[in-house]
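Structure below is start24.pdb: PDB, C-alpha atoms, pLDDT in the B column.
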```pdb
ATOM      1  CA  MET A 265     144.985 129.821 -54.866  1.00 67.00           C
ATOM      2  CA  ARG A 266     146.091 128.558 -58.300  1.00 70.00           C
ATOM      3  CA  ASP A 267     148.148 125.424 -58.809  1.00 73.00           C
ATOM      4  CA  ASP A 268     151.169 127.530 -59.763  1.00 84.00           C
ATOM      5  CA  ALA A 269     151.069 129.444 -56.474  1.00 92.00           C
ATOM      6  CA  THR A 270     154.349 130.108 -54.667  1.00 95.00           C
ATOM      7  CA  ARG A 271     154.395 129.807 -50.883  1.00 94.00           C
ATOM      8  CA  VAL A 272     157.001 131.461 -48.682  1.00 93.00           C
ATOM      9  CA  SER A 273     156.971 130.397 -45.044  1.00 90.00           C
ATOM     10  CA  LEU A 274     159.201 129.531 -42.130  1.00 86.00           C
ATOM     11  CA  SER A 275     161.979 127.106 -42.980  1.00 81.00           C
ATOM     12  CA  PRO A 276     160.813 123.570 -42.075  1.00 79.00           C
ATOM     13  CA  PHE A 277     164.206 122.959 -40.456  1.00 83.00           C
ATOM     14  CA  LEU A 278     163.633 125.589 -37.741  1.00 82.00           C
ATOM     15  CA  PRO A 279     160.808 123.743 -35.893  1.00 83.00           C
ATOM     16  CA  VAL A 280     162.916 120.572 -36.041  1.00 88.00           C
ATOM     17  CA  LEU A 281     165.924 122.491 -34.678  1.00 89.00           C
ATOM     18  CA  ILE A 282     163.830 123.974 -31.866  1.00 89.00           C
ATOM     19  CA  THR A 283     162.594 120.518 -30.863  1.00 90.00           C
ATOM     20  CA  LEU A 284     166.114 119.061 -30.975  1.00 92.00           C
ATOM     21  CA  VAL A 285     167.539 121.906 -28.871  1.00 93.00           C
ATOM     22  CA  CYS A 286     164.808 121.534 -26.236  1.00 92.00           C
ATOM     23  CA  THR A 287     165.344 117.756 -26.206  1.00 92.00           C
ATOM     24  CA  ALA A 288     169.089 118.230 -25.719  1.00 93.00           C
ATOM     25  CA  LEU A 289     168.415 120.654 -22.863  1.00 92.00           C
ATOM     26  CA  GLY A 290     166.098 118.105 -21.285  1.00 90.00           C
ATOM     27  CA  ILE A 291     168.763 115.412 -21.486  1.00 92.00           C
ATOM     28  CA  GLY A 292     171.373 117.755 -20.038  1.00 92.00           C
ATOM     29  CA  LEU A 293     169.084 118.718 -17.174  1.00 88.00           C
ATOM     30  CA  GLY A 294     168.357 115.043 -16.598  1.00 88.00           C
ATOM     31  CA  PHE A 295     172.024 114.475 -15.796  1.00 89.00           C
ATOM     32  CA  ALA A 296     172.652 117.763 -13.987  1.00 90.00           C
ATOM     33  CA  ALA A 297     169.447 118.313 -12.030  1.00 87.00           C
ATOM     34  CA  PRO A 298     169.727 115.513  -9.392  1.00 86.00           C
ATOM     35  CA  PRO A 299     173.252 116.328  -8.135  1.00 89.00           C
ATOM     36  CA  VAL A 300     172.584 120.084  -8.237  1.00 87.00           C
ATOM     37  CA  SER A 301     169.309 119.566  -6.371  1.00 87.00           C
ATOM     38  CA  ARG A 302     171.000 117.380  -3.748  1.00 85.00           C
ATOM     39  CA  TRP A 303     173.664 120.039  -3.257  1.00 87.00           C
ATOM     40  CA  ALA A 304     170.944 122.697  -2.836  1.00 84.00           C
ATOM     41  CA  VAL A 305     169.004 120.559  -0.347  1.00 80.00           C
ATOM     42  CA  ASP A 306     172.145 119.842   1.701  1.00 81.00           C
ATOM     43  CA  THR A 307     173.508 123.404   1.580  1.00 84.00           C
ATOM     44  CA  LEU A 308     170.640 125.875   1.542  1.00 81.00           C
ATOM     45  CA  PRO A 309     168.321 126.460   4.515  1.00 81.00           C
ATOM     46  CA  ALA A 310     165.187 126.101   2.365  1.00 78.00           C
ATOM     47  CA  VAL A 311     164.524 124.970  -1.213  1.00 75.00           C
ATOM     48  CA  PRO A 312     161.363 124.702  -3.344  1.00 80.00           C
ATOM     49  CA  GLY A 313     159.477 121.427  -3.362  1.00 77.00           C
ATOM     50  CA  PRO A 314     160.417 120.467  -6.959  1.00 79.00           C
ATOM     51  CA  LEU A 315     164.110 120.591  -6.055  1.00 79.00           C
ATOM     52  CA  GLU A 316     163.490 118.219  -3.170  1.00 81.00           C
ATOM     53  CA  LEU A 317     161.788 115.809  -5.568  1.00 82.00           C
ATOM     54  CA  LEU A 318     164.655 116.021  -8.060  1.00 82.00           C
ATOM     55  CA  ALA A 319     167.134 115.402  -5.268  1.00 81.00           C
ATOM     56  CA  GLU A 320     165.447 112.041  -4.619  1.00 83.00           C
ATOM     57  CA  LEU A 321     165.796 110.900  -8.245  1.00 81.00           C
ATOM     58  CA  THR A 322     168.646 108.929  -9.760  1.00 83.00           C
ATOM     59  CA  THR A 323     169.850 109.740 -13.271  1.00 83.00           C
ATOM     60  CA  SER A 324     168.198 106.547 -14.532  1.00 85.00           C
ATOM     61  CA  TRP A 325     164.875 108.241 -13.725  1.00 86.00           C
ATOM     62  CA  SER A 326     165.677 111.937 -14.192  1.00 87.00           C
ATOM     63  CA  VAL A 327     167.148 111.576 -17.699  1.00 90.00           C
ATOM     64  CA  PRO A 328     164.122 109.915 -19.363  1.00 90.00           C
ATOM     65  CA  ILE A 329     161.643 112.108 -17.446  1.00 89.00           C
ATOM     66  CA  LEU A 330     163.312 115.395 -18.328  1.00 89.00           C
ATOM     67  CA  THR A 331     163.973 114.205 -21.902  1.00 92.00           C
ATOM     68  CA  VAL A 332     160.247 113.710 -22.367  1.00 92.00           C
ATOM     69  CA  VAL A 333     159.635 117.143 -20.843  1.00 91.00           C
ATOM     70  CA  GLY A 334     162.185 118.637 -23.259  1.00 90.00           C
ATOM     71  CA  VAL A 335     160.566 116.979 -26.271  1.00 92.00           C
ATOM     72  CA  ALA A 336     157.109 118.191 -25.220  1.00 93.00           C
ATOM     73  CA  ALA A 337     158.369 121.722 -24.617  1.00 91.00           C
ATOM     74  CA  GLY A 338     160.148 121.722 -27.975  1.00 88.00           C
ATOM     75  CA  ILE A 339     157.015 120.643 -29.822  1.00 91.00           C
ATOM     76  CA  VAL A 340     154.932 123.333 -28.100  1.00 90.00           C
ATOM     77  CA  VAL A 341     157.475 126.065 -28.861  1.00 88.00           C
ATOM     78  CA  ALA A 342     157.816 124.888 -32.469  1.00 85.00           C
ATOM     79  CA  VAL A 343     154.049 124.883 -33.018  1.00 84.00           C
ATOM     80  CA  LEU A 344     153.702 128.368 -31.511  1.00 83.00           C
ATOM     81  CA  THR A 345     156.592 129.655 -33.623  1.00 80.00           C
ATOM     82  CA  VAL A 346     155.033 128.341 -36.836  1.00 79.00           C
ATOM     83  CA  ALA A 347     151.625 129.813 -35.924  1.00 77.00           C
ATOM     84  CA  GLU A 348     153.087 133.239 -35.130  1.00 80.00           C
ATOM     85  CA  THR A 349     155.244 133.438 -38.263  1.00 86.00           C
ATOM     86  CA  LEU A 350     153.836 134.949 -41.452  1.00 91.00           C
ATOM     87  CA  ALA A 351     153.162 132.625 -44.401  1.00 93.00           C
ATOM     88  CA  VAL A 352     152.773 134.240 -47.833  1.00 95.00           C
ATOM     89  CA  THR A 353     151.148 132.531 -50.828  1.00 96.00           C
ATOM     90  CA  VAL A 354     151.384 134.324 -54.166  1.00 96.00           C
ATOM     91  CA  ASP A 355     149.789 133.481 -57.498  1.00 95.00           C
ATOM     92  CA  SER A 356     148.720 135.363 -60.609  1.00 93.00           C
ATOM     93  CA  ASP A 357     145.378 136.346 -59.018  1.00 94.00           C
ATOM     94  CA  GLY A 358     146.351 137.583 -55.581  1.00 95.00           C
ATOM     95  CA  VAL A 359     148.278 137.267 -52.335  1.00 96.00           C
ATOM     96  CA  LEU A 360     147.200 135.302 -49.257  1.00 96.00           C
ATOM     97  CA  LEU A 361     148.756 136.337 -45.931  1.00 95.00           C
ATOM     98  CA  GLU A 362     148.379 133.975 -42.968  1.00 92.00           C
ATOM     99  CA  GLN A 363     149.539 134.699 -39.410  1.00 86.00           C
ATOM    100  CA  ASP A 364     148.213 133.987 -35.912  1.00 81.00           C
ATOM    101  CA  ASP A 365     145.114 132.244 -37.316  1.00 79.00           C
ATOM    102  CA  GLU A 366     144.309 135.417 -39.292  1.00 84.00           C
ATOM    103  CA  GLN A 367     144.029 135.392 -43.084  1.00 90.00           C
ATOM    104  CA  LEU A 368     144.077 138.329 -45.486  1.00 92.00           C
ATOM    105  CA  TYR A 369     143.646 138.052 -49.251  1.00 95.00           C
ATOM    106  CA  VAL A 370     144.736 140.922 -51.505  1.00 96.00           C
ATOM    107  CA  PRO A 371     143.788 140.742 -55.228  1.00 96.00           C
ATOM    108  CA  LYS A 372     146.657 141.330 -57.621  1.00 95.00           C
ATOM    109  CA  SER A 373     144.640 143.997 -59.441  1.00 95.00           C
ATOM    110  CA  ARG A 374     144.880 146.255 -56.368  1.00 95.00           C
ATOM    111  CA  VAL A 375     148.618 145.888 -55.774  1.00 96.00           C
ATOM    112  CA  ARG A 376     150.785 148.633 -57.251  1.00 94.00           C
ATOM    113  CA  ALA A 377     153.862 148.014 -55.097  1.00 95.00           C
ATOM    114  CA  ALA A 378     155.209 145.230 -52.911  1.00 96.00           C
ATOM    115  CA  PHE A 379     158.341 145.681 -50.814  1.00 96.00           C
ATOM    116  CA  LEU A 380     160.069 145.088 -47.508  1.00 95.00           C
ATOM    117  CA  ASP A 381     160.058 148.027 -45.118  1.00 93.00           C
ATOM    118  CA  GLY A 382     162.546 146.957 -42.477  1.00 89.00           C
ATOM    119  CA  LYS A 383     161.184 143.580 -41.386  1.00 90.00           C
ATOM    120  CA  ASP A 384     157.651 144.285 -42.642  1.00 93.00           C
ATOM    121  CA  LEU A 385     156.146 143.033 -45.889  1.00 95.00           C
ATOM    122  CA  VAL A 386     154.076 145.886 -47.315  1.00 95.00           C
ATOM    123  CA  LEU A 387     151.560 145.998 -50.167  1.00 96.00           C
ATOM    124  CA  THR A 388     150.266 149.384 -51.396  1.00 93.00           C
ATOM    125  CA  ASP A 389     147.753 150.499 -54.012  1.00 91.00           C
ATOM    126  CA  GLU A 390     147.956 153.205 -56.662  1.00 88.00           C
ATOM    127  CA  ALA A 391     146.875 155.914 -54.180  1.00 84.00           C
ATOM    128  CA  ARG A 392     149.735 155.017 -51.756  1.00 84.00           C
ATOM    129  CA  HIS A 393     147.332 153.395 -49.285  1.00 88.00           C
ATOM    130  CA  GLU A 394     148.590 150.313 -47.487  1.00 90.00           C
ATOM    131  CA  LEU A 395     146.704 147.185 -48.405  1.00 92.00           C
ATOM    132  CA  ALA A 396     148.700 145.107 -45.930  1.00 92.00           C
ATOM    133  CA  ARG A 397     151.653 145.329 -43.551  1.00 92.00           C
ATOM    134  CA  ARG A 398     152.819 142.171 -41.833  1.00 91.00           C
ATOM    135  CA  GLY A 399     155.973 141.257 -39.920  1.00 89.00           C
ATOM    136  CA  ALA A 400     158.130 139.095 -42.201  1.00 90.00           C
ATOM    137  CA  GLY A 401     161.442 139.116 -40.357  1.00 87.00           C
ATOM    138  CA  ASP A 402     161.562 135.301 -40.201  1.00 87.00           C
ATOM    139  CA  LEU A 403     161.104 134.867 -43.959  1.00 92.00           C
ATOM    140  CA  ASN A 404     163.794 134.765 -46.630  1.00 92.00           C
ATOM    141  CA  SER A 405     163.799 138.130 -48.412  1.00 93.00           C
ATOM    142  CA  ARG A 406     165.124 136.662 -51.664  1.00 94.00           C
ATOM    143  CA  GLU A 407     162.358 134.063 -51.705  1.00 94.00           C
ATOM    144  CA  LEU A 408     159.767 136.798 -51.169  1.00 95.00           C
ATOM    145  CA  ALA A 409     161.168 138.914 -53.999  1.00 95.00           C
ATOM    146  CA  SER A 410     161.255 135.894 -56.290  1.00 95.00           C
ATOM    147  CA  ALA A 411     157.686 134.859 -55.415  1.00 95.00           C
ATOM    148  CA  PHE A 412     156.233 138.274 -56.217  1.00 96.00           C
ATOM    149  CA  GLY A 413     158.426 138.851 -59.246  1.00 94.00           C
ATOM    150  CA  SER A 414     157.705 135.469 -60.827  1.00 94.00           C
ATOM    151  CA  HIS A 415     153.964 136.202 -60.740  1.00 95.00           C
ATOM    152  CA  GLY A 416     154.270 139.658 -62.244  1.00 94.00           C
ATOM    153  CA  TYR A 417     153.923 141.876 -59.157  1.00 96.00           C
ATOM    154  CA  PRO A 418     155.826 145.197 -58.998  1.00 95.00           C
ATOM    155  CA  TRP A 419     158.437 144.315 -56.376  1.00 96.00           C
ATOM    156  CA  LEU A 420     160.492 147.261 -55.101  1.00 95.00           C
ATOM    157  CA  ASP A 421     163.812 147.163 -53.263  1.00 91.00           C
ATOM    158  CA  ALA A 422     162.717 149.803 -50.718  1.00 89.00           C
ATOM    159  CA  ASP A 423     159.714 151.791 -49.501  1.00 90.00           C
ATOM    160  CA  PRO A 424     159.115 154.577 -52.050  1.00 89.00           C
ATOM    161  CA  HIS A 425     157.517 156.685 -49.292  1.00 89.00           C
ATOM    162  CA  GLU A 426     160.363 156.366 -46.787  1.00 90.00           C
ATOM    163  CA  GLY A 427     160.910 160.120 -46.577  1.00 90.00           C
ATOM    164  CA  GLU A 428     157.268 160.820 -45.698  1.00 90.00           C
ATOM    165  CA  PHE A 429     157.257 159.136 -42.285  1.00 93.00           C
ATOM    166  CA  CYS A 430     157.313 161.224 -39.100  1.00 93.00           C
ATOM    167  CA  ARG A 431     157.858 160.074 -35.526  1.00 94.00           C
ATOM    168  CA  TRP A 432     154.664 160.166 -33.481  1.00 95.00           C
ATOM    169  CA  ILE A 433     154.706 162.583 -30.546  1.00 95.00           C
ATOM    170  CA  ASP A 434     151.649 162.356 -28.308  1.00 94.00           C
ATOM    171  CA  GLY A 435     149.587 165.550 -28.480  1.00 92.00           C
ATOM    172  CA  HIS A 436     151.368 167.043 -31.492  1.00 89.00           C
ATOM    173  CA  PRO A 437     148.988 169.337 -33.457  1.00 90.00           C
ATOM    174  CA  ASP A 438     149.681 167.510 -36.739  1.00 88.00           C
ATOM    175  CA  LEU A 439     147.124 164.895 -35.632  1.00 92.00           C
ATOM    176  CA  ASP A 440     143.704 165.264 -34.047  1.00 92.00           C
ATOM    177  CA  ASP A 441     142.693 163.917 -30.631  1.00 94.00           C
ATOM    178  CA  GLU A 442     141.057 160.773 -32.024  1.00 94.00           C
ATOM    179  CA  LEU A 443     144.180 159.771 -33.950  1.00 95.00           C
ATOM    180  CA  HIS A 444     146.349 160.383 -30.898  1.00 96.00           C
ATOM    181  CA  ALA A 445     143.991 158.207 -28.839  1.00 96.00           C
ATOM    182  CA  ILE A 446     144.249 155.361 -31.371  1.00 96.00           C
ATOM    183  CA  LEU A 447     148.027 155.633 -31.469  1.00 96.00           C
ATOM    184  CA  ARG A 448     148.169 155.546 -27.654  1.00 95.00           C
ATOM    185  CA  MET A 449     146.047 152.394 -27.625  1.00 95.00           C
ATOM    186  CA  ARG A 450     148.262 150.858 -30.301  1.00 95.00           C
ATOM    187  CA  ARG A 451     151.387 151.711 -28.287  1.00 95.00           C
ATOM    188  CA  ASP A 452     149.905 150.012 -25.221  1.00 94.00           C
ATOM    189  CA  ALA A 453     148.817 146.971 -27.253  1.00 93.00           C
ATOM    190  CA  LEU A 454     152.346 146.642 -28.641  1.00 92.00           C
ATOM    191  CA  ALA A 455     153.755 146.742 -25.112  1.00 92.00           C
ATOM    192  CA  ALA A 456     151.279 144.028 -24.104  1.00 92.00           C
ATOM    193  CA  LYS A 457     152.161 142.015 -27.253  1.00 86.00           C
ATOM    194  CA  ASP A 458     148.479 141.831 -28.210  1.00 87.00           C
ATOM    195  CA  ALA A 459     148.840 141.246 -31.959  1.00 81.00           C
ATOM    196  CA  GLY A 460     145.088 141.100 -32.606  1.00 83.00           C
ATOM    197  CA  VAL A 461     144.442 144.512 -31.066  1.00 91.00           C
ATOM    198  CA  VAL A 462     147.444 145.983 -32.898  1.00 90.00           C
ATOM    199  CA  LEU A 463     146.067 144.792 -36.235  1.00 85.00           C
ATOM    200  CA  GLY A 464     142.622 146.208 -35.477  1.00 89.00           C
ATOM    201  CA  LEU A 465     144.018 149.605 -34.537  1.00 93.00           C
ATOM    202  CA  HIS A 466     146.280 149.566 -37.584  1.00 90.00           C
ATOM    203  CA  ALA A 467     143.156 149.115 -39.726  1.00 88.00           C
ATOM    204  CA  LYS A 468     141.412 152.018 -37.948  1.00 92.00           C
ATOM    205  CA  LEU A 469     144.336 154.295 -38.680  1.00 92.00           C
ATOM    206  CA  ARG A 470     144.384 153.182 -42.297  1.00 89.00           C
ATOM    207  CA  GLU A 471     140.703 154.116 -42.616  1.00 88.00           C
ATOM    208  CA  ARG A 472     141.623 157.595 -41.377  1.00 90.00           C
ATOM    209  CA  GLY A 473     144.373 157.936 -43.984  1.00 89.00           C
ATOM    210  CA  ILE A 474     147.263 157.197 -41.627  1.00 92.00           C
ATOM    211  CA  VAL A 475     149.970 154.611 -42.308  1.00 91.00           C
ATOM    212  CA  VAL A 476     151.835 153.583 -39.153  1.00 93.00           C
ATOM    213  CA  ARG A 477     154.970 151.542 -38.576  1.00 93.00           C
ATOM    214  CA  ASP A 478     157.371 150.826 -35.690  1.00 92.00           C
ATOM    215  CA  ARG A 479     161.002 151.898 -35.637  1.00 90.00           C
ATOM    216  CA  GLY A 480     163.352 151.712 -32.668  1.00 87.00           C
ATOM    217  CA  GLY A 481     160.517 151.134 -30.230  1.00 88.00           C
ATOM    218  CA  ARG A 482     158.647 154.225 -31.442  1.00 93.00           C
ATOM    219  CA  GLN A 483     155.666 154.655 -33.775  1.00 95.00           C
ATOM    220  CA  GLU A 484     156.111 156.503 -37.064  1.00 95.00           C
ATOM    221  CA  PHE A 485     153.322 157.607 -39.389  1.00 94.00           C
ATOM    222  CA  ARG A 486     152.639 159.126 -42.786  1.00 92.00           C
ATOM    223  CA  ARG A 487     149.506 160.450 -44.403  1.00 90.00           C
ATOM    224  CA  THR A 488     147.995 159.037 -47.574  1.00 85.00           C
ATOM    225  CA  THR A 489     145.788 160.800 -50.092  1.00 64.00           C
ATOM    226  CA  ARG A 490     142.643 159.458 -48.446  1.00 53.00           C
TER
END
```
How would this structure read if it were set down as structure tokens?
Amino acid sequence: MRDDATRVSLSPFLPVLITLVCTALGIGLGFAAPPVSRWAVDTLPAVPGPLELLAELTTSWSVPILTVVGVAAGIVVAVLTVAETLAVTVDSDGVLLEQDDEQLYVPKSRVRAAFLDGKDLVLTDEARHELARRGAGDLNSRELASAFGSHGYPWLDADPHEGEFCRWIDGHPDLDDELHAILRMRRDALAAKDAGVVLGLHAKLRERGIVVRDRGGRQEFRRTTR
């Protein structure tokens, strides 16, 4: 990317906030866990082994131990959050999209429209084909608009093809059996939260001239000119 590239990513304060919240929870549990565990051991007929261990601890031990656990958990959650959140880098040559260790570069010469469709960042070409669709709900929409606009991309306030989308109904004659099979697999991959499979199936549909998106827990599609 060029030196004048603009990067839009997760706010750096959010990972710090996540770590602080988890640390505070660890401290709170450090004070609360021993007396609650002792009450459970004395009152209930049977308790899990970890509660018995906590019941033996004093706060002078439980607070530092659970604080460390909270810090570690916060760091892990923060790292995972950053990795799963889309990062967009825009310059006068193209757009780099990074998410879940996947990278996609789209040359500026191919982009005829850039916009937010719900929580998705979408790039389309002159034939209405999607070049990219990525979840951008954690990014600042004004920063995205500014990044694309400042580098001369045609940023739109809404999807110009909004009225062309139809809700997918399994078996409907508007689509052939192969497309229905792909959409079923994509539905199942979404339920399993398998982002890699979802992206692969999205690409297969795009090759067949089908643009797909998710609304209200259901898949919607439109045809392109392909």
Practice task
To verify the selection step, state as a ChimeraX atom specification which residues the PyMOL selection byres ((chain A and resi 280) around 12) yields on this input.
Solution key: /A:274-279,281-287,335,338-343,345-346
Practice task
One decimal, Å: what's the distance from CA of Arg486 in chain A over to CA of Phe429 in chain A, could you say?
Solution key: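 Interatomic distance, CA of Arg486 in chain A to CA of Phe429 in chain A: 4.6 Å.
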Exercise for the section: Compare A:Ala391, A:Ala456, A:Leu385, A:Ala304 by their minimum atom-to-atom distance to Ala351 in chain A, counting only C-alpha atoms, and give me the closest one. Expected result: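 Answer, going by the shortest atom-to-atom distance: A:Leu385.
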Problem - Residue with smallest distance to Glu407 in chain A - pool A:Arg302, A:Asp267, A:Val359, A:Thr353, counting only C-alpha atoms - result: A:Thr353
Fill in the blank from the handout: Restricting to all atoms listed in the file, whichever of A:Ala269, A:Val305, A:Ala445, A:Val327 is closest to Leu289 in chain A is A:Val327
Exercise for the section: Specify as a PyMOL selection string each residue included when the PyMOL selection byres ((chain A and resi 361) around 12) is applied to this file. Expected result: chain A and resi 265+271-273+349-355+358-360+362-371+385-387+395-400
Problem - Expansion of the PyMOL selection byres ((chain A and resi 423) around 8) into residues, as a PyMOL selection string - result: chain A and resi 379-381+420-422+424-426
Would you pick out the contacts of Leu439 in chain A at 12 Å or less, using all atoms listed in the file, so that residues sharing its chain but fewer than 3 positions from it are not included, and give the list as a compact mmCIF listing (two decimals) with C-alpha atoms, in the coordinates of the input?
```txt
# COMPACT_ATOMS: atom_id res chain seq x y z
CA CYS A 430 157.31 161.22 -39.10
CA ARG A 431 157.86 160.07 -35.53
CA TRP A 432 154.66 160.17 -33.48
CA ILE A 433 154.71 162.58 -30.55
CA ASP A 434 151.65 162.36 -28.31
CA GLY A 435 149.59 165.55 -28.48
CA HIS A 436 151.37 167.04 -31.49
CA GLU A 442 141.06 160.77 -32.02
CA LEU A 443 144.18 159.77 -33.95
CA HIS A 444 146.35 160.38 -30.90
CA ALA A 445 143.99 158.21 -28.84
CA ILE A 446 144.25 155.36 -31.37
CA LEU A 447 148.03 155.63 -31.47
CA LEU A 469 144.34 154.29 -38.68
CA ARG A 472 141.62 157.60 -41.38
CA GLY A 473 144.37 157.94 -43.98
CA ILE A 474 147.26 157.20 -41.63
CA PHE A 485 153.32 157.61 -39.39
CA ARG A 486 152.64 159.13 -42.79
CA ARG A 487 149.51 160.45 -44.40
```
Practice task
Would you mind telling me which residue in A:Gly313, A:Ala347, A:Lys372, A:Glu394 lies nearest to His415 in chain A when using only C-alpha atoms?
Solution key: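 Using only C-alpha atoms, His415 in chain A sits closest to A:Lys372.
Going from CA of Arg376 in chain A over to CA of His393 in chain A, you cover 9.9 Å.
The space between CA of Arg266 in chain A and CA of Gly382 in chain A spans 29.3 Å.
Taking all atoms listed in the file, the non-local environment of Thr323 in chain A within 8 Å (same-chain residues fewer than 2 positions away omitted) comprises Gly294, Phe295, Pro298, Leu321, Trp325, Ser326 and Val327 of chain A.
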Same residues, C-alpha atoms, output as a PDB file, in the coordinates of the input:
```pdb
ATOM      1  CA  GLY A 294     168.357 115.043 -16.598  1.00 88.00           C
ATOM      2  CA  PHE A 295     172.024 114.475 -15.796  1.00 89.00           C
ATOM      3  CA  PRO A 298     169.727 115.513  -9.392  1.00 86.00           C
ATOM      4  CA  LEU A 321     165.796 110.900  -8.245  1.00 81.00           C
ATOM      5  CA  TRP A 325     164.875 108.241 -13.725  1.00 86.00           C
ATOM      6  CA  SER A 326     165.677 111.937 -14.192  1.00 87.00           C
ATOM      7  CA  VAL A 327     167.148 111.576 -17.699  1.00 90.00           C
TER       8      VAL A 327
END
```
Find the smallest box with edges along x, y and z containing every listed atom of range 428-443 of chain A, then add 6 Å on each side and report centre and edge lengths in Å to one decimal, as JSON.
```
{"center_x": 149.5, "center_y": 164.2, "center_z": -37.0, "size_x": 28.8, "size_y": 22.2, "size_z": 29.4}
```
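Proximity of A:Ile329, A:Ala337, A:Thr270, A:Glu390 to Ala297 in chain A, computed with only C-alpha atoms, is greatest for A:Ile329.
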Practice task
Kindly indicate which residue among A:Gly401, A:Gly413, A:Pro418, A:Gly334 lies nearest to Val375 in chain A, using all atoms listed in the file for the distances.
Solution key: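 With all atoms listed in the file as the atom set, the closest residue is A:Pro418.
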